[in-house]
Amino acid sequence: MNEITLERSKGFLLIGKAHNSVAKVISCTFLSLVFCISCTIDPDVVSDQQDWQSVKLPIDVMAIPDAVPRYEKRTRAGNPVEYKVLGKQYRVLADSKGYRQRGIASWYGKKFHGRKTSNGEVYDMYAMTAAHKTLPIPSYVRVTNLKNQRSVVVRVNDRGPFHQNRIIDLSYTAAVKLGIQQAGTGFVEVVTVEPGITEKQESETFDDFNKQALTSVYLQIGAFNNQDNARKLQKKLISGQIINSRVQFSNKQGNEMYKVQVGPIHSVHQADEVNEKLAFLGMMDTQLIIENLAP
């Protein structure tokens with residue numbers, strides 16, 4: 001039978017279906033505690049508020065080396081088949097190979113330092129780790145700041161962030177090394193790094209990406225086969241006082257699509273403001289599109 005696993009990640013109680021296995025016996029005391037805390041969620045955790053308290057650095061974080069990818073067995077804790085947070089369902093990927101995504105990175109630090117992560121490890125804000133909603137735990141990814149082209153390799157050992165268009169939550173050290181700790185967020189690209197790949201092979205791939213420059217960011221709110229439907233959605237945006245939008249045509253292998261996108265977006269703050277306006281119009285499911293200038 002399917003076992004229901006209960007996991008706590010950065011203040012969230014993740015409830016999801018795990019792989020078939022023999023259910024463990026859980027004490028009544030623990031169950032009582034679970035049902036109490038599962039009814040409330042800390043609003044500070046839901047948002048991506050940072051630990052703005054002064055951080056006394058015991059070490060030079062810039063000297064901390066990146067995580068080194070190695071073969072690790074997927075942990076049982078932190079890897080339910082699927083789980084639900086704030087009414088939204090998430091499904092953990094079967095494999096991290098080939099994963100690549102662009103979006104907004106945030107970071108978490110002192111508030112969670114010393115607490116357990118989703119897979120039961122202790123969170124260390126000075127380690128090169130990160131939280132991700134769907135990558136298997138553990139996974140290794142290279143995170144690149146699209147503004148300054150700095151990059152780091154981190155080990156995913158936690159779940160989150162559960163905020164619109166945030167794709168990864170970095171440790172404090174990773175945020176400092178990328179240069180996003182002051183702003184709290186930044187536009188990034190996240191790519192999986194496989195164990196066994198030589199440093200030269202990995203750097204060649206990364207160098208190809210570095211030749212490109214970040215140019216514009218858009219929020220995509222819909223994609224249609226019919227251009228008229230796309231135009232209707234665009235008119236709805238205008239009536240809702242969202243003027244800057246476009247209908248972008250694409251044709252991939254004969255599949256013609258008309259994509260309605262709002263932008264260009266010039267900052268994470270602006271992206272959040274536009275998302276709020278879209279939510280007011282009932283447009284909750286948006287996708288961040290980050291474009292590059294071809295080399």
# chains A, B, ... in the order shown; residues from 1 in each chain; ligands from 1

call {"tool": "select_by_dssp", "arguments": {"residues": "range 65-230 of chain A", "states": "alpha helix (DSSP H)", "output": "list in words"}}
result
Tyr172, Thr173, Ala174, Ala175, Val176, Lys177, Leu178, Glu199, Lys200, Gln201, Glu202, Ser203, Glu204, Thr205, Phe206, Asp207, Asp208, Phe209, Asn210, Gln227, Asp228, Asn229 and Ala230 of chain A

call {"tool": "atom_distance", "arguments": {"atom1": "CA of Val262 in chain A", "atom2": "CA of Gln287 in chain A"}}
result
10.2 Å

call {"tool": "residues_around", "arguments": {"residues": "Lys73 in chain A", "least_positions_apart": "6", "cutoff": "12 Å", "atoms": "only C-alpha atoms", "output": "list in words"}}
result
Asn79, Asp95, Pro136, Ile137, Pro138 and Ser139 of chain A

call {"tool": "residues_around", "arguments": {"residues": "Ala230 in chain A", "least_positions_apart": "2", "cutoff": "12 Å", "atoms": "only C-alpha atoms", "output": "PyMOL selection string"}}
result
chain A and resi 220-228+232-237+245-249+257-261

call {"tool": "write_last_selection", "arguments": {"atoms": "C-alpha atoms", "output": "short mmCIF file (atom, residue, chain, number, x, y, z; two decimals), in the first residue's frame"}}
result
data_model
loop_
_atom_site.label_atom_id
_atom_site.label_comp_id
_atom_site.auth_asym_id
_atom_site.auth_seq_id
_atom_site.Cartn_x
_atom_site.Cartn_y
_atom_site.Cartn_z
CA GLN A 220 3.82 34.62 -20.03
CA ILE A 221 0.16 34.18 -19.13
CA GLY A 222 -1.17 32.09 -21.98
CA ALA A 223 -0.36 30.20 -25.20
CA PHE A 224 -2.89 29.49 -27.95
CA ASN A 225 -3.08 27.75 -31.31
CA ASN A 226 -5.53 30.45 -32.42
CA GLN A 227 -4.31 34.04 -32.77
CA ASP A 228 -7.78 35.47 -32.10
CA LYS A 232 -8.76 38.48 -26.74
CA LEU A 233 -6.56 37.78 -23.73
CA GLN A 234 -4.37 40.74 -24.62
CA LYS A 235 -7.48 43.00 -24.71
CA LYS A 236 -8.43 41.71 -21.25
CA LEU A 237 -5.01 42.82 -20.02
CA SER A 245 2.12 43.19 -23.48
CA ARG A 246 2.79 41.36 -26.71
CA VAL A 247 1.66 38.31 -28.67
CA GLN A 248 4.75 36.30 -29.56
CA PHE A 249 4.49 33.79 -32.41
CA MET A 257 1.64 28.94 -30.94
CA TYR A 258 0.63 32.51 -30.07
CA LYS A 259 2.03 33.39 -26.65
CA VAL A 260 0.65 36.28 -24.62
CA GLN A 261 3.44 37.90 -22.61
#

call {"tool": "closest_residue", "arguments": {"among": "A:Met284, A:Ala130, A:Arg231, A:Phe162", "to": "Gln89 in chain A", "atoms": "only C-alpha atoms"}}
result
A:Phe162

call {"tool": "closest_atom_pairs", "arguments": {"of": "range 138-237 of chain A", "to": "range 104-119 of chain A", "cutoff": "12 Å", "atoms": "only C-alpha atoms", "output": "CSV"}}
result
residue,atom,partner,partner_atom,distance
A:Pro138,CA,A:Asn119,CA,8.5
A:Ser139,CA,A:Asn119,CA,12.0
A:Val143,CA,A:Ala105,CA,8.9
A:Thr144,CA,A:Ala105,CA,9.8
A:Asn145,CA,A:Ala105,CA,8.8
A:Leu146,CA,A:Ile104,CA,10.0
A:Lys147,CA,A:Ile104,CA,11.6
A:Val156,CA,A:Asn119,CA,9.9
A:Asn157,CA,A:Asn119,CA,6.3
A:Asp158,CA,A:Ser118,CA,4.7
A:Arg159,CA,A:Ser118,CA,5.9
A:Gly160,CA,A:Ser118,CA,9.3
A:Pro161,CA,A:Ser106,CA,7.8
A:Phe162,CA,A:Ser106,CA,10.6
A:His163,CA,A:Ser106,CA,9.6
A:Gln164,CA,A:Ile104,CA,9.2
A:Asn165,CA,A:Ile104,CA,6.2
A:Arg166,CA,A:Ile104,CA,4.7
A:Ile167,CA,A:Ile104,CA,5.8
A:Ile168,CA,A:Ala105,CA,5.0
A:Asp169,CA,A:Trp107,CA,4.8
A:Leu170,CA,A:Trp107,CA,4.3
A:Ser171,CA,A:Trp107,CA,5.7
A:Tyr172,CA,A:Gly109,CA,5.2
A:Thr173,CA,A:Gly109,CA,8.7
A:Ala174,CA,A:Trp107,CA,8.2
A:Ala175,CA,A:Trp107,CA,6.3
A:Val176,CA,A:Trp107,CA,9.5
A:Lys177,CA,A:Trp107,CA,11.7
A:Leu178,CA,A:Ala105,CA,10.3
A:Gly179,CA,A:Trp107,CA,11.2
A:Ile180,CA,A:Ser106,CA,8.0
A:Gln181,CA,A:Trp107,CA,7.3
A:Gln182,CA,A:Trp107,CA,10.3
A:Ala183,CA,A:Ser106,CA,9.2
A:Gly184,CA,A:Ser106,CA,5.9
A:Thr185,CA,A:Ser106,CA,4.5
A:Gly186,CA,A:Ala105,CA,5.4
A:Phe187,CA,A:Ile104,CA,4.7
A:Val188,CA,A:Ile104,CA,5.9
A:Glu189,CA,A:Ile104,CA,8.4
A:Val190,CA,A:Ala105,CA,9.2
A:Val217,CA,A:Ile104,CA,10.9
A:Leu219,CA,A:Ile104,CA,11.9

call {"tool": "closest_residue", "arguments": {"among": "A:Val122, A:Ala77, A:Gln101, A:Val274", "to": "Thr286 in chain A", "atoms": "only C-alpha atoms"}}
result
A:Val274

call {"tool": "closest_residue", "arguments": {"among": "A:Ser267, A:Ser239, A:Asn251, A:Asn148", "to": "Tyr218 in chain A", "atoms": "only C-alpha atoms"}}
result
A:Ser267

call {"tool": "closest_residue", "arguments": {"among": "A:Ile64, A:Leu135, A:Val141, A:Met125", "to": "Leu93 in chain A", "atoms": "only C-alpha atoms"}}
result
A:Leu135

call {"tool": "select_by_dssp", "arguments": {"residues": "range 146-204 of chain A", "states": "strand (DSSP E)", "output": "list in words"}}
result
Ser151, Val152, Val153, Val154, Arg155, Val156, Asn157, Asp158, Arg166, Ile167, Ile168, Asp169, Leu170, Thr185, Gly186, Phe187, Val188, Glu189, Val190, Val191 and Thr192 of chain A

call {"tool": "write_last_selection", "arguments": {"atoms": "C-alpha atoms", "output": "PDB file, in the first residue's frame"}}
result
ATOM      1  CA  SER A 151      28.038  30.961 -11.015  1.00  0.00           C
ATOM      2  CA  VAL A 152      28.131  28.400  -8.226  1.00  0.00           C
ATOM      3  CA  VAL A 153      27.480  24.683  -7.855  1.00  0.00           C
ATOM      4  CA  VAL A 154      25.171  23.733  -4.991  1.00  0.00           C
ATOM      5  CA  ARG A 155      23.698  20.524  -3.589  1.00  0.00           C
ATOM      6  CA  VAL A 156      19.897  20.393  -3.359  1.00  0.00           C
ATOM      7  CA  ASN A 157      18.827  18.971   0.016  1.00  0.00           C
ATOM      8  CA  ASP A 158      15.603  20.851   0.802  1.00  0.00           C
ATOM      9  CA  ARG A 166      10.859  31.550  -7.513  1.00  0.00           C
ATOM     10  CA  ILE A 167      12.685  28.486  -8.800  1.00  0.00           C
ATOM     11  CA  ILE A 168      15.420  27.956  -6.202  1.00  0.00           C
ATOM     12  CA  ASP A 169      16.204  28.993  -2.618  1.00  0.00           C
ATOM     13  CA  LEU A 170      19.940  29.342  -2.021  1.00  0.00           C
ATOM     14  CA  THR A 185      16.575  37.857  -5.206  1.00  0.00           C
ATOM     15  CA  GLY A 186      17.998  37.703  -8.707  1.00  0.00           C
ATOM     16  CA  PHE A 187      17.394  36.361 -12.191  1.00  0.00           C
ATOM     17  CA  VAL A 188      19.235  33.064 -12.614  1.00  0.00           C
ATOM     18  CA  GLU A 189      19.605  29.963 -14.710  1.00  0.00           C
ATOM     19  CA  VAL A 190      19.635  26.564 -12.991  1.00  0.00           C
ATOM     20  CA  VAL A 191      21.243  23.590 -14.773  1.00  0.00           C
ATOM     21  CA  THR A 192      21.896  20.127 -13.377  1.00  0.00           C
TER      22      THR A 192
END

call {"tool": "closest_residue", "arguments": {"among": "A:Ala63, A:Leu86, A:Val193, A:Leu278", "to": "Gly98 in chain A", "atoms": "only C-alpha atoms"}}
result
A:Val193

call {"tool": "atom_distance", "arguments": {"atom1": "CA of Val85 in chain A", "atom2": "CA of Lys133 in chain A"}}
result
10.2 Å

call {"tool": "atom_distance", "arguments": {"atom1": "CA of Glu276 in chain A", "atom2": "CA of Thr134 in chain A"}}
result
24.2 Å
